[in-house]
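Q: Below is the file protein20.tsv, with TSV, C-alpha atoms.
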chain	number	residue	atom	x	y	z
A	1	MET	CA	-15.97	66.11	-4.75
A	2	LYS	CA	-12.49	65.54	-6.23
A	3	LYS	CA	-10.95	66.28	-2.83
A	4	ILE	CA	-13.27	63.73	-1.20
A	5	ILE	CA	-12.39	61.03	-3.75
A	6	LEU	CA	-8.67	61.77	-3.34
A	7	SER	CA	-8.97	61.62	0.43
A	8	LEU	CA	-10.78	58.29	0.26
A	9	SER	CA	-8.14	56.92	-2.13
A	10	LEU	CA	-5.33	57.98	0.21
A	11	LEU	CA	-7.19	56.45	3.14
A	12	CYS	CA	-7.53	53.13	1.29
A	13	VAL	CA	-3.83	53.16	0.45
A	14	SER	CA	-2.86	53.94	4.03
A	15	MET	CA	-5.05	51.09	5.30
A	16	GLY	CA	-3.80	48.60	2.73
A	17	LEU	CA	-7.26	48.31	1.19
A	18	VAL	CA	-6.39	48.69	-2.46
A	19	PHE	CA	-8.13	45.81	-4.27
A	20	ALA	CA	-6.80	44.41	-7.52
A	21	GLN	CA	-9.46	43.96	-10.15
A	22	LYS	CA	-10.29	40.30	-10.71
A	23	THR	CA	-9.02	39.24	-14.12
A	24	THR	CA	-9.88	35.54	-14.06
A	25	LYS	CA	-13.18	34.01	-15.19
A	26	THR	CA	-13.20	31.23	-12.57
A	27	GLU	CA	-15.93	31.67	-9.95
A	28	ASN	CA	-16.18	28.05	-8.78
A	29	ILE	CA	-13.67	25.30	-8.03
A	30	VAL	CA	-14.04	21.52	-8.16
A	31	LEU	CA	-11.05	19.66	-6.75
A	32	ILE	CA	-10.95	15.88	-7.18
A	33	THR	CA	-8.35	13.47	-5.81
A	34	PHE	CA	-7.83	9.98	-7.15
A	35	ASP	CA	-6.20	7.96	-4.34
A	36	GLY	CA	-2.95	6.20	-5.20
A	37	LEU	CA	-3.31	6.16	-8.98
A	38	ARG	CA	0.12	5.94	-10.60
A	39	TRP	CA	1.29	8.29	-13.33
A	40	GLN	CA	2.31	5.19	-15.28
A	41	GLU	CA	-1.31	4.13	-15.84
A	42	LEU	CA	-2.42	7.67	-16.55
A	43	PHE	CA	0.12	8.25	-19.30
A	44	LYS	CA	0.75	4.70	-20.56
A	45	GLY	CA	-2.44	2.80	-19.77
A	46	ALA	CA	-2.63	-0.65	-18.22
A	47	ASP	CA	0.76	-2.05	-17.21
A	48	SER	CA	2.00	-4.77	-19.57
A	49	LEU	CA	3.62	-6.61	-16.64
A	50	MET	CA	0.39	-6.90	-14.69
A	51	ILE	CA	-2.55	-6.79	-17.09
A	52	ASP	CA	-2.66	-10.57	-17.51
A	53	ASP	CA	-0.68	-11.81	-14.53
A	54	THR	CA	-2.66	-14.65	-12.95
A	55	GLY	CA	-1.42	-13.62	-9.51
A	56	MET	CA	-2.92	-10.15	-9.86
A	57	ILE	CA	-6.18	-10.72	-11.73
A	58	GLU	CA	-9.09	-13.02	-10.99
A	59	SER	CA	-9.67	-14.34	-14.50
A	60	ALA	CA	-7.03	-14.75	-17.22
A	61	GLY	CA	-7.60	-12.47	-20.19
A	62	SER	CA	-10.35	-10.50	-18.46
A	63	LEU	CA	-8.69	-7.13	-19.07
A	64	LEU	CA	-7.30	-7.62	-22.55
A	65	ALA	CA	-10.28	-6.81	-24.76
A	66	ASP	CA	-11.09	-3.54	-23.03
A	67	TYR	CA	-7.68	-2.30	-21.89
A	68	TRP	CA	-4.87	-3.75	-24.00
A	69	HIS	CA	-3.24	-2.26	-27.09
A	70	PRO	CA	0.46	-2.38	-27.96
A	71	ASP	CA	0.50	1.43	-28.35
A	72	PRO	CA	0.50	3.07	-24.90
A	73	THR	CA	-1.21	6.18	-26.26
A	74	GLN	CA	-4.10	3.97	-27.31
A	75	ARG	CA	-4.08	2.04	-24.02
A	76	ARG	CA	-4.39	5.21	-21.99
A	77	LYS	CA	-7.41	6.31	-24.04
A	78	MET	CA	-9.01	2.93	-23.42
A	79	LEU	CA	-8.48	3.33	-19.68
A	80	PHE	CA	-9.24	7.05	-19.35
A	81	PRO	CA	-11.42	8.16	-22.27
A	82	PHE	CA	-12.58	11.39	-20.61
A	83	PHE	CA	-9.08	12.44	-19.61
A	84	TRP	CA	-7.63	11.74	-23.06
A	85	THR	CA	-10.44	13.33	-25.05
A	86	THR	CA	-11.94	16.27	-23.17
A	87	ILE	CA	-9.12	17.25	-20.81
A	88	ALA	CA	-6.36	16.49	-23.34
A	89	SER	CA	-8.07	18.75	-25.89
A	90	GLN	CA	-9.38	21.50	-23.59
A	91	GLY	CA	-7.14	21.42	-20.52
A	92	GLN	CA	-3.73	20.32	-19.25
A	93	LEU	CA	-2.17	17.08	-17.94
A	94	TYR	CA	1.08	17.16	-15.96
A	95	GLY	CA	3.38	14.35	-14.90
A	96	ASN	CA	4.61	12.35	-17.91
A	97	ARG	CA	8.17	11.83	-16.80
A	98	ALA	CA	9.12	10.56	-20.26
A	99	TYR	CA	9.24	14.25	-21.23
A	100	GLY	CA	10.90	15.40	-18.02
A	101	ASN	CA	7.54	16.78	-16.93
A	102	GLN	CA	7.75	15.89	-13.25
A	103	VAL	CA	5.17	16.18	-10.52
A	104	ASP	CA	6.13	15.04	-7.02
A	105	ASN	CA	4.97	15.14	-3.45
A	106	GLN	CA	6.66	17.84	-1.43
A	107	ASN	CA	6.26	15.68	1.66
A	108	LYS	CA	8.58	12.71	2.18
A	109	MET	CA	6.00	10.42	3.77
A	110	TRP	CA	4.36	9.28	0.50
A	111	PHE	CA	1.11	8.10	2.01
A	112	SER	CA	-2.38	9.48	2.30
A	113	TYR	CA	-2.83	11.96	5.17
A	114	PRO	CA	0.45	13.79	4.43
A	115	GLY	CA	-0.46	13.85	0.74
A	116	TYR	CA	-3.94	15.24	1.30
A	117	ASN	CA	-2.69	17.81	3.80
A	118	GLU	CA	-0.17	18.97	1.21
A	119	VAL	CA	-2.77	19.35	-1.55
A	120	LEU	CA	-5.25	21.13	0.70
A	121	SER	CA	-2.96	23.34	2.80
A	122	GLY	CA	-0.26	24.10	0.23
A	123	PHE	CA	2.75	22.69	2.05
A	124	ALA	CA	4.19	19.55	3.58
A	125	ASP	CA	4.22	19.14	7.35
A	126	ASP	CA	6.24	15.98	7.93
A	127	GLU	CA	6.89	16.86	11.56
A	128	ARG	CA	3.22	16.87	12.56
A	129	ILE	CA	1.47	15.00	9.72
A	130	ASN	CA	3.32	11.69	9.75
A	131	SER	CA	0.59	9.06	10.15
A	132	ASN	CA	-2.92	8.25	8.96
A	133	SER	CA	-4.32	8.59	12.47
A	134	LYS	CA	-7.62	10.36	13.03
A	135	ILE	CA	-6.10	13.55	14.38
A	136	ASN	CA	-7.52	16.95	13.52
A	137	ASN	CA	-5.29	18.72	11.05
A	138	PRO	CA	-3.45	21.58	12.77
A	139	ASN	CA	-3.02	23.27	9.38
A	140	VAL	CA	-5.71	25.41	7.77
A	141	THR	CA	-6.71	24.13	4.33
A	142	PHE	CA	-7.63	26.35	1.39
A	143	LEU	CA	-11.18	25.05	1.87
A	144	GLU	CA	-11.27	26.48	5.37
A	145	TYR	CA	-9.74	29.79	4.34
A	146	LEU	CA	-12.45	30.16	1.69
A	147	ASN	CA	-15.21	29.16	4.11
A	148	ARG	CA	-14.12	32.01	6.37
A	149	MET	CA	-14.82	34.55	3.63
A	150	PRO	CA	-18.32	36.05	3.33
A	151	GLU	CA	-18.53	35.23	-0.40
A	152	TYR	CA	-17.85	31.52	0.21
A	153	LYS	CA	-19.24	30.99	3.71
A	154	GLY	CA	-21.54	27.98	3.66
A	155	LYS	CA	-20.73	27.34	0.00
A	156	VAL	CA	-17.83	24.92	0.53
A	157	MET	CA	-18.50	21.17	0.67
A	158	SER	CA	-16.50	17.95	0.73
A	159	PHE	CA	-17.18	14.28	0.00
A	160	GLY	CA	-14.72	11.42	0.44
A	161	SER	CA	-14.60	7.65	0.56
A	162	TRP	CA	-12.08	7.48	3.44
A	163	ASP	CA	-13.30	8.08	6.97
A	164	VAL	CA	-10.25	10.20	7.89
A	165	PHE	CA	-11.31	13.17	5.77
A	166	PRO	CA	-13.31	14.89	8.53
A	167	PHE	CA	-10.01	15.11	10.41
A	168	ILE	CA	-7.88	16.12	7.42
A	169	ILE	CA	-10.29	18.97	6.67
A	170	ASN	CA	-10.76	19.55	10.41
A	171	LYS	CA	-14.53	19.58	10.16
A	172	GLU	CA	-14.81	20.55	13.82
A	173	ARG	CA	-12.83	23.79	13.45
A	174	SER	CA	-13.57	24.67	9.83
A	175	GLY	CA	-17.32	24.15	9.93
A	176	ILE	CA	-17.18	22.63	6.44
A	177	PRO	CA	-19.69	19.82	5.87
A	178	VAL	CA	-17.77	16.62	5.16
A	179	ASN	CA	-19.57	13.44	4.09
A	180	ALA	CA	-16.96	10.68	4.25
A	181	GLY	CA	-16.45	7.06	5.20
A	182	PHE	CA	-19.86	5.60	5.95
A	183	ASP	CA	-21.58	8.91	6.63
A	184	LEU	CA	-25.14	9.21	5.35
A	185	ALA	CA	-26.82	12.23	3.82
A	186	GLU	CA	-28.56	14.12	6.62
A	187	GLY	CA	-31.36	16.66	6.94
A	188	ASP	CA	-35.11	17.01	6.73
A	189	ASP	CA	-35.14	17.72	3.00
A	190	LEU	CA	-33.39	14.64	1.60
A	191	THR	CA	-33.94	14.07	-2.08
A	192	GLU	CA	-35.08	10.70	-3.37
A	193	VAL	CA	-31.56	10.09	-4.66
A	194	GLU	CA	-30.07	10.77	-1.23
A	195	LYS	CA	-32.59	8.47	0.43
A	196	THR	CA	-31.75	5.70	-2.04
A	197	VAL	CA	-27.99	6.11	-1.67
A	198	ASN	CA	-28.36	6.13	2.12
A	199	ARG	CA	-30.22	2.84	1.99
A	200	MET	CA	-27.84	1.21	-0.47
A	201	GLN	CA	-24.78	2.24	1.52
A	202	GLN	CA	-26.20	0.58	4.61
A	203	GLU	CA	-26.93	-2.59	2.65
A	204	ILE	CA	-23.66	-2.81	0.68
A	205	ARG	CA	-20.75	-2.35	3.03
A	206	GLY	CA	-17.85	-3.18	0.73
A	207	PRO	CA	-14.61	-5.00	1.63
A	208	TRP	CA	-12.92	-2.35	3.82
A	209	GLY	CA	-13.56	-1.09	7.30
A	210	GLY	CA	-12.67	2.59	6.92
A	211	VAL	CA	-13.34	3.19	3.23
A	212	ARG	CA	-16.67	2.96	1.45
A	213	LEU	CA	-17.05	2.07	-2.20
A	214	ASP	CA	-16.73	5.05	-4.51
A	215	PRO	CA	-20.24	4.91	-6.04
A	216	PHE	CA	-21.64	6.16	-2.73
A	217	THR	CA	-19.18	9.03	-2.54
A	218	HIS	CA	-19.84	9.93	-6.16
A	219	HIS	CA	-23.62	10.00	-5.98
A	220	PHE	CA	-23.67	11.90	-2.68
A	221	ALA	CA	-21.33	14.46	-4.26
A	222	LEU	CA	-23.26	14.71	-7.52
A	223	GLU	CA	-26.52	15.22	-5.66
A	224	GLY	CA	-24.79	17.75	-3.40
A	225	ILE	CA	-23.81	19.80	-6.45
A	226	LYS	CA	-27.34	19.74	-7.85
A	227	LYS	CA	-29.04	20.43	-4.53
A	228	HIS	CA	-26.76	22.91	-2.75
A	229	LYS	CA	-24.88	24.56	-5.65
A	230	PRO	CA	-21.62	25.02	-3.71
A	231	LYS	CA	-19.01	27.40	-5.10
A	232	VAL	CA	-16.20	25.10	-3.98
A	233	ILE	CA	-16.40	21.31	-3.72
A	234	TYR	CA	-13.77	18.71	-2.93
A	235	ILE	CA	-14.39	15.07	-3.93
A	236	ALA	CA	-11.99	12.29	-2.90
A	237	TYR	CA	-12.34	8.89	-4.58
A	238	GLY	CA	-10.48	6.07	-2.86
A	239	GLU	CA	-11.03	2.62	-4.37
A	240	THR	CA	-7.94	2.45	-6.57
A	241	ASP	CA	-5.57	2.61	-3.62
A	242	ASP	CA	-7.38	-0.03	-1.60
A	243	TRP	CA	-7.64	-2.50	-4.46
A	244	ALA	CA	-3.94	-1.99	-5.14
A	245	HIS	CA	-3.03	-2.72	-1.51
A	246	GLY	CA	-4.87	-6.00	-1.93
A	247	GLY	CA	-2.90	-6.85	-5.06
A	248	LYS	CA	-6.03	-6.79	-7.23
A	249	TYR	CA	-4.82	-5.25	-10.48
A	250	ASP	CA	-8.05	-6.03	-12.30
A	251	GLN	CA	-10.12	-4.24	-9.65
A	252	TYR	CA	-7.64	-1.35	-9.68
A	253	ILE	CA	-8.04	-0.98	-13.45
A	254	TRP	CA	-11.82	-1.29	-13.38
A	255	SER	CA	-12.06	1.29	-10.60
A	256	ALA	CA	-9.72	3.64	-12.44
A	257	ARG	CA	-11.92	3.43	-15.55
A	258	GLN	CA	-15.07	3.97	-13.51
A	259	THR	CA	-13.59	7.00	-11.76
A	260	ASP	CA	-12.82	8.54	-15.16
A	261	ALA	CA	-16.53	8.07	-15.98
A	262	TYR	CA	-17.55	9.63	-12.65
A	263	ILE	CA	-15.38	12.67	-13.30
A	264	ARG	CA	-16.88	13.00	-16.77
A	265	GLU	CA	-20.34	13.03	-15.17
A	266	ILE	CA	-19.29	15.73	-12.69
A	267	TRP	CA	-17.88	17.87	-15.50
A	268	GLU	CA	-20.90	17.43	-17.78
A	269	THR	CA	-23.23	18.27	-14.90
A	270	ILE	CA	-21.26	21.44	-14.23
A	271	GLN	CA	-21.22	22.44	-17.89
A	272	SER	CA	-25.00	21.99	-18.13
A	273	ASP	CA	-25.71	24.38	-15.24
A	274	PRO	CA	-25.65	28.17	-15.91
A	275	GLN	CA	-24.18	28.83	-12.45
A	276	TYR	CA	-21.12	26.73	-13.30
A	277	LYS	CA	-20.81	26.62	-17.10
A	278	ASP	CA	-17.60	28.30	-18.31
A	279	LYS	CA	-17.09	29.72	-14.82
A	280	THR	CA	-15.67	26.63	-13.09
A	281	THR	CA	-12.17	25.17	-12.96
A	282	LEU	CA	-11.77	21.44	-12.35
A	283	ILE	CA	-8.44	20.29	-10.87
A	284	ILE	CA	-7.62	16.60	-10.46
A	285	THR	CA	-4.61	15.07	-8.72
A	286	THR	CA	-3.54	12.25	-6.41
A	287	ASP	CA	-2.17	11.97	-2.90
A	288	HIS	CA	0.85	9.76	-3.67
A	289	GLY	CA	2.27	7.32	-6.18
A	290	ARG	CA	3.14	3.61	-5.91
A	291	GLY	CA	5.97	1.21	-6.52
A	292	THR	CA	6.80	0.01	-10.02
A	293	THR	CA	7.37	-3.73	-9.63
A	294	LYS	CA	4.75	-6.46	-9.22
A	295	THR	CA	5.52	-6.50	-5.51
A	296	SER	CA	6.16	-2.83	-4.75
A	297	TRP	CA	3.12	-1.74	-6.81
A	298	LYS	CA	0.95	-2.85	-3.91
A	299	SER	CA	2.59	-0.35	-1.59
A	300	HIS	CA	3.76	3.21	-1.15
A	301	GLY	CA	5.47	5.19	1.59
A	302	ALA	CA	9.00	6.48	2.16
A	303	SER	CA	10.54	3.03	1.78
A	304	VAL	CA	9.01	2.44	-1.67
A	305	HIS	CA	11.12	3.80	-4.49
A	306	ASP	CA	9.30	6.30	-6.76
A	307	ALA	CA	6.15	6.39	-4.60
A	308	GLY	CA	6.39	10.18	-4.40
A	309	GLU	CA	5.92	10.52	-8.17
A	310	ILE	CA	2.46	11.85	-8.96
A	311	TRP	CA	0.47	13.83	-11.56
A	312	MET	CA	-2.17	16.54	-11.90
A	313	MET	CA	-4.53	17.99	-14.48
A	314	ALA	CA	-6.90	20.92	-14.92
A	315	ILE	CA	-9.61	22.23	-17.19
A	316	GLY	CA	-11.46	25.53	-16.97
A	317	PRO	CA	-11.97	29.00	-18.43
A	318	ASP	CA	-8.57	30.32	-17.30
A	319	THR	CA	-6.44	27.29	-18.14
A	320	PRO	CA	-4.80	27.24	-21.60
A	321	ALA	CA	-5.68	24.17	-23.68
A	322	SER	CA	-2.10	22.88	-23.75
A	323	GLY	CA	-3.06	19.21	-23.46
A	324	GLU	CA	-0.32	16.82	-22.36
A	325	MET	CA	2.45	18.99	-20.94
A	326	MET	CA	5.72	18.02	-22.60
A	327	VAL	CA	7.93	20.80	-21.29
A	328	GLN	CA	10.59	19.88	-18.76
A	329	GLY	CA	9.96	21.15	-15.29
A	330	GLN	CA	9.15	20.34	-11.68
A	331	TRP	CA	5.74	20.74	-10.08
A	332	GLN	CA	4.36	19.64	-6.70
A	333	SER	CA	0.93	18.88	-5.33
A	334	ALA	CA	1.61	21.60	-2.75
A	335	MET	CA	1.11	24.13	-5.57
A	336	VAL	CA	-2.62	23.40	-5.86
A	337	ALA	CA	-3.80	25.54	-2.93
A	338	ARG	CA	-2.30	28.83	-4.09
A	339	THR	CA	-3.33	28.04	-7.67
A	340	VAL	CA	-6.95	27.72	-6.56
A	341	PHE	CA	-6.81	31.13	-4.89
A	342	GLN	CA	-5.23	32.80	-7.92
A	343	LEU	CA	-7.88	31.28	-10.18
A	344	LEU	CA	-10.48	32.89	-7.91
A	345	GLY	CA	-8.62	36.21	-8.00
A	346	LEU	CA	-7.45	35.93	-4.39
A	347	GLU	CA	-4.13	36.03	-2.57
A	348	TYR	CA	-3.36	32.93	-0.53
A	349	PRO	CA	-3.08	33.91	3.15
A	350	ASP	CA	-0.34	31.45	4.20
A	351	GLN	CA	3.17	32.41	3.14
A	352	LYS	CA	4.39	28.84	3.67
A	353	ALA	CA	2.31	27.59	0.76
A	354	ALA	CA	4.07	26.65	-2.46
A	355	PRO	CA	3.80	28.99	-5.45
A	356	ALA	CA	0.92	28.75	-7.89
A	357	ILE	CA	1.18	26.78	-11.12
A	358	LYS	CA	1.69	29.69	-13.50
A	359	GLU	CA	1.18	27.53	-16.59
A	360	MET	CA	-2.32	26.67	-15.37
A	361	ILE	CA	-3.51	30.28	-15.41
A	362	ARG	CA	-3.65	32.50	-18.49
How would this structure read if it were set down as structure tokens?

A:
Amino acid sequence: MKKIILSLSLLCVSMGLVFAQKTTKTENIVLITFDGLRWQELFKGADSLMIDDTGMIESAGSLLADYWHPDPTQRRKMLFPFFWTTIASQGQLYGNRAYGNQVDNQNKMWFSYPGYNEVLSGFADDERINSNSKINNPNVTFLEYLNRMPEYKGKVMSFGSWDVFPFIINKERSGIPVNAGFDLAEGDDLTEVEKTVNRMQQEIRGPWGGVRLDPFTHHFALEGIKKHKPKVIYIAYGETDDWAHGGKYDQYIWSARQTDAYIREIWETIQSDPQYKDKTTLIITTDHGRGTTKTSWKSHGASVHDAGEIWMMAIGPDTPASGEMMVQGQWQSAMVARTVFQLLGLEYPDQKAAPAIKEMIR
């Protein structure tokens, strides 16, 4: 018997089949992106230059009671109560440049498709991903790599407000279900919630042609979690970026606050379900930053100074509760993909991907 075991062990070594024992507790991943939200609002709250500017808000004083305090640490709690209570006490927040804690895009485009490709694939591809055109992503995302594995096959889902996500995720090649833009929930077993959201989405179109309002994305995603119990889910909220492009700072702030509430609901739903509770890591980041003046704030892209400055955060069973990260260092959104795999106890298959965020994993 000993000879048989030894022979099998040697065979495994010769075939490269030695498996490292999984040491992490994470079994599920929820990745959320928050389109175009600046690190300045995340870490300092509503901008004093814009919060009551009559050119950027509909009604004078409309933001002051709920979002203004002279102390920026109080303002940020008013704007993002979930982030600055639960995640600040149980997880990690990266990107406060006041401490030299820098998070940046690896890509030099500083707009959406390149940013999302970077987060999902683990590297920038400025040569091929240099527009927001509806072109299938030539790069394989971490979502697709997971969906190829027997343990995750059919257990990866995505929901987004922007109608380009089926192309970014390459729905056609990956086989991952992507509900984005003005897609409706489909199937013969729709829940009452899905039927209601379908109807409401068709009746309330919103102000943009290619981006739906985030409530529809959120409730499709929340119902998807409850109904299908995916092991990996990606949710992409989009309103903040579109309101900012329109110069609507009040709408930008209101949407930012609502998205914090949506993320709280996702987390509390996860923590109330035995399949997910204490076995799920939530990672949140953004695709790009924005300008810093009243004019440049509306825009981003390579010509807008500082628009590549971003942020990220995480909470889960393998992430130390370090709160606001005040150590000096440089991180990139490209690091998310390999980090996800390490949290799941897996090696990322693409060598081009950026290294994992070691501080995010015990």

Q: Would you list the contacts of segment 223-236 of chain A as a PyMOL selection string, taking every protein, DNA or RNA residue within 7 Å and counting all atoms listed in the file, but skipping same-chain residues closer than 6 positions in sequence?

A: chain A and resi 28-34+152+155-161

Q: Enter the distance from atom CA of Ala221 of chain A to atom CA of Thr259 of chain A, in Å, rounded to one decimal.

A: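 Atom CA of Thr259 of chain A lies 13.1 Å from atom CA of Ala221 of chain A.
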
Q: Hey, can you check how far atom CA of Leu146 of chain A sits from atom CA of Met335 of chain A?

A: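 Between atom CA of Leu146 of chain A and atom CA of Met335 of chain A the gap works out to 16.5 Å.
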
Q: Can you list every residue of segment 218-304 of chain A that has an atom at most 8 Å from segment 37-58 of chain A, with its nearest atom pair and the distance in Å to one decimal, using all atoms listed in the file, ordered by chain then number, as CSV?

A:
residue,atom,partner,partner_atom,distance
A:Thr240,CA,A:Leu37,CA,6.4
A:Asp241,CA,A:Leu37,CA,6.8
A:Gly247,CA,A:Met56,CA,5.8
A:Lys248,CA,A:Met56,CA,5.3
A:Tyr249,CA,A:Met56,CA,5.3
A:Asp250,CA,A:Ile57,CA,5.1
A:Gln251,CA,A:Ile57,CA,7.9
A:Ile253,CA,A:Ala46,CA,7.2
A:Ala256,CA,A:Leu37,CA,7.7
A:Thr286,CA,A:Leu37,CA,6.6
A:His288,CA,A:Leu37,CA,7.6
A:Gly289,CA,A:Arg38,CA,5.1
A:Arg290,CA,A:Arg38,CA,6.0
A:Lys294,CA,A:Met50,CA,7.0

Q: Could you jot down the atom CA of Ser59 of chain A to atom CA of Leu213 of chain A separation for me, Å, one decimal place?

A: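 So the answer is 21.8 Å.
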
Q: Excluding Gly345 of chain A and any residue of its chain fewer than 5 positions from it, enumerate the residues within 8 Å of it, using all atoms listed in the file, and give them as a list in words.

A: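 What passes the distance filter is Lys22, Thr23 and Thr24 of chain A.
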
Q: Rank A:Ala321, A:Met312, A:Ala302, A:Leu282 by their smallest atom-to-atom distance to Gln102 of chain A, using only C-alpha atoms, and report the top residue only.

A: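 Ranked by minimum distance to Gln102 of chain A, first place goes to A:Met312.
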
Q: Quick one: segment 323-341 of chain A with N, CA and C atoms, as a JSON list (two decimals), in the coordinates of the input?

A:
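What landed in selection24.json:
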[["chain", "number", "residue", "atom", "x", "y", "z"],
["A", 323, "GLY", "N", -3.04, 20.66, -23.38],
["A", 323, "GLY", "CA", -3.06, 19.21, -23.46],
["A", 323, "GLY", "C", -2.00, 18.57, -22.59],
["A", 324, "GLU", "N", -1.38, 17.50, -23.10],
["A", 324, "GLU", "CA", -0.32, 16.82, -22.36],
["A", 324, "GLU", "C", 0.90, 17.74, -22.31],
["A", 325, "MET", "N", 1.33, 18.07, -21.11],
["A", 325, "MET", "CA", 2.45, 18.99, -20.94],
["A", 325, "MET", "C", 3.76, 18.25, -21.21],
["A", 326, "MET", "N", 4.49, 18.70, -22.21],
["A", 326, "MET", "CA", 5.72, 18.02, -22.60],
["A", 326, "MET", "C", 6.96, 18.84, -22.30],
["A", 327, "VAL", "N", 6.78, 19.98, -21.65],
["A", 327, "VAL", "CA", 7.93, 20.80, -21.29],
["A", 327, "VAL", "C", 8.58, 20.24, -20.03],
["A", 328, "GLN", "N", 9.90, 20.33, -19.96],
["A", 328, "GLN", "CA", 10.59, 19.88, -18.76],
["A", 328, "GLN", "C", 10.34, 20.85, -17.62],
["A", 329, "GLY", "N", 10.19, 20.30, -16.45],
["A", 329, "GLY", "CA", 9.96, 21.15, -15.29],
["A", 329, "GLY", "C", 9.59, 20.33, -14.08],
["A", 330, "GLN", "N", 9.48, 21.00, -12.95],
["A", 330, "GLN", "CA", 9.15, 20.34, -11.68],
["A", 330, "GLN", "C", 7.96, 21.03, -11.05],
["A", 331, "TRP", "N", 6.93, 20.26, -10.76],
["A", 331, "TRP", "CA", 5.74, 20.74, -10.08],
["A", 331, "TRP", "C", 5.49, 19.88, -8.85],
["A", 332, "GLN", "N", 4.69, 20.38, -7.92],
["A", 332, "GLN", "CA", 4.36, 19.64, -6.70],
["A", 332, "GLN", "C", 2.87, 19.78, -6.41],
["A", 333, "SER", "N", 2.33, 18.79, -5.71],
["A", 333, "SER", "CA", 0.93, 18.88, -5.33],
["A", 333, "SER", "C", 0.69, 20.02, -4.35],
["A", 334, "ALA", "N", 1.74, 20.47, -3.67],
["A", 334, "ALA", "CA", 1.61, 21.60, -2.75],
["A", 334, "ALA", "C", 1.23, 22.89, -3.48],
["A", 335, "MET", "N", 1.38, 22.92, -4.79],
["A", 335, "MET", "CA", 1.11, 24.13, -5.57],
["A", 335, "MET", "C", -0.39, 24.33, -5.84],
["A", 336, "VAL", "N", -1.20, 23.32, -5.53],
["A", 336, "VAL", "CA", -2.62, 23.40, -5.86],
["A", 336, "VAL", "C", -3.33, 24.50, -5.07],
["A", 337, "ALA", "N", -3.05, 24.61, -3.79],
["A", 337, "ALA", "CA", -3.80, 25.54, -2.93],
["A", 337, "ALA", "C", -3.68, 26.98, -3.41],
["A", 338, "ARG", "N", -2.46, 27.45, -3.64],
["A", 338, "ARG", "CA", -2.30, 28.83, -4.09],
["A", 338, "ARG", "C", -2.86, 29.03, -5.50],
["A", 339, "THR", "N", -2.76, 27.97, -6.32],
["A", 339, "THR", "CA", -3.33, 28.04, -7.67],
["A", 339, "THR", "C", -4.83, 28.27, -7.62],
["A", 340, "VAL", "N", -5.51, 27.55, -6.72],
["A", 340, "VAL", "CA", -6.95, 27.72, -6.56],
["A", 340, "VAL", "C", -7.28, 29.17, -6.22],
["A", 341, "PHE", "N", -6.54, 29.74, -5.30],
["A", 341, "PHE", "CA", -6.81, 31.13, -4.89],
["A", 341, "PHE", "C", -6.57, 32.10, -6.04]]
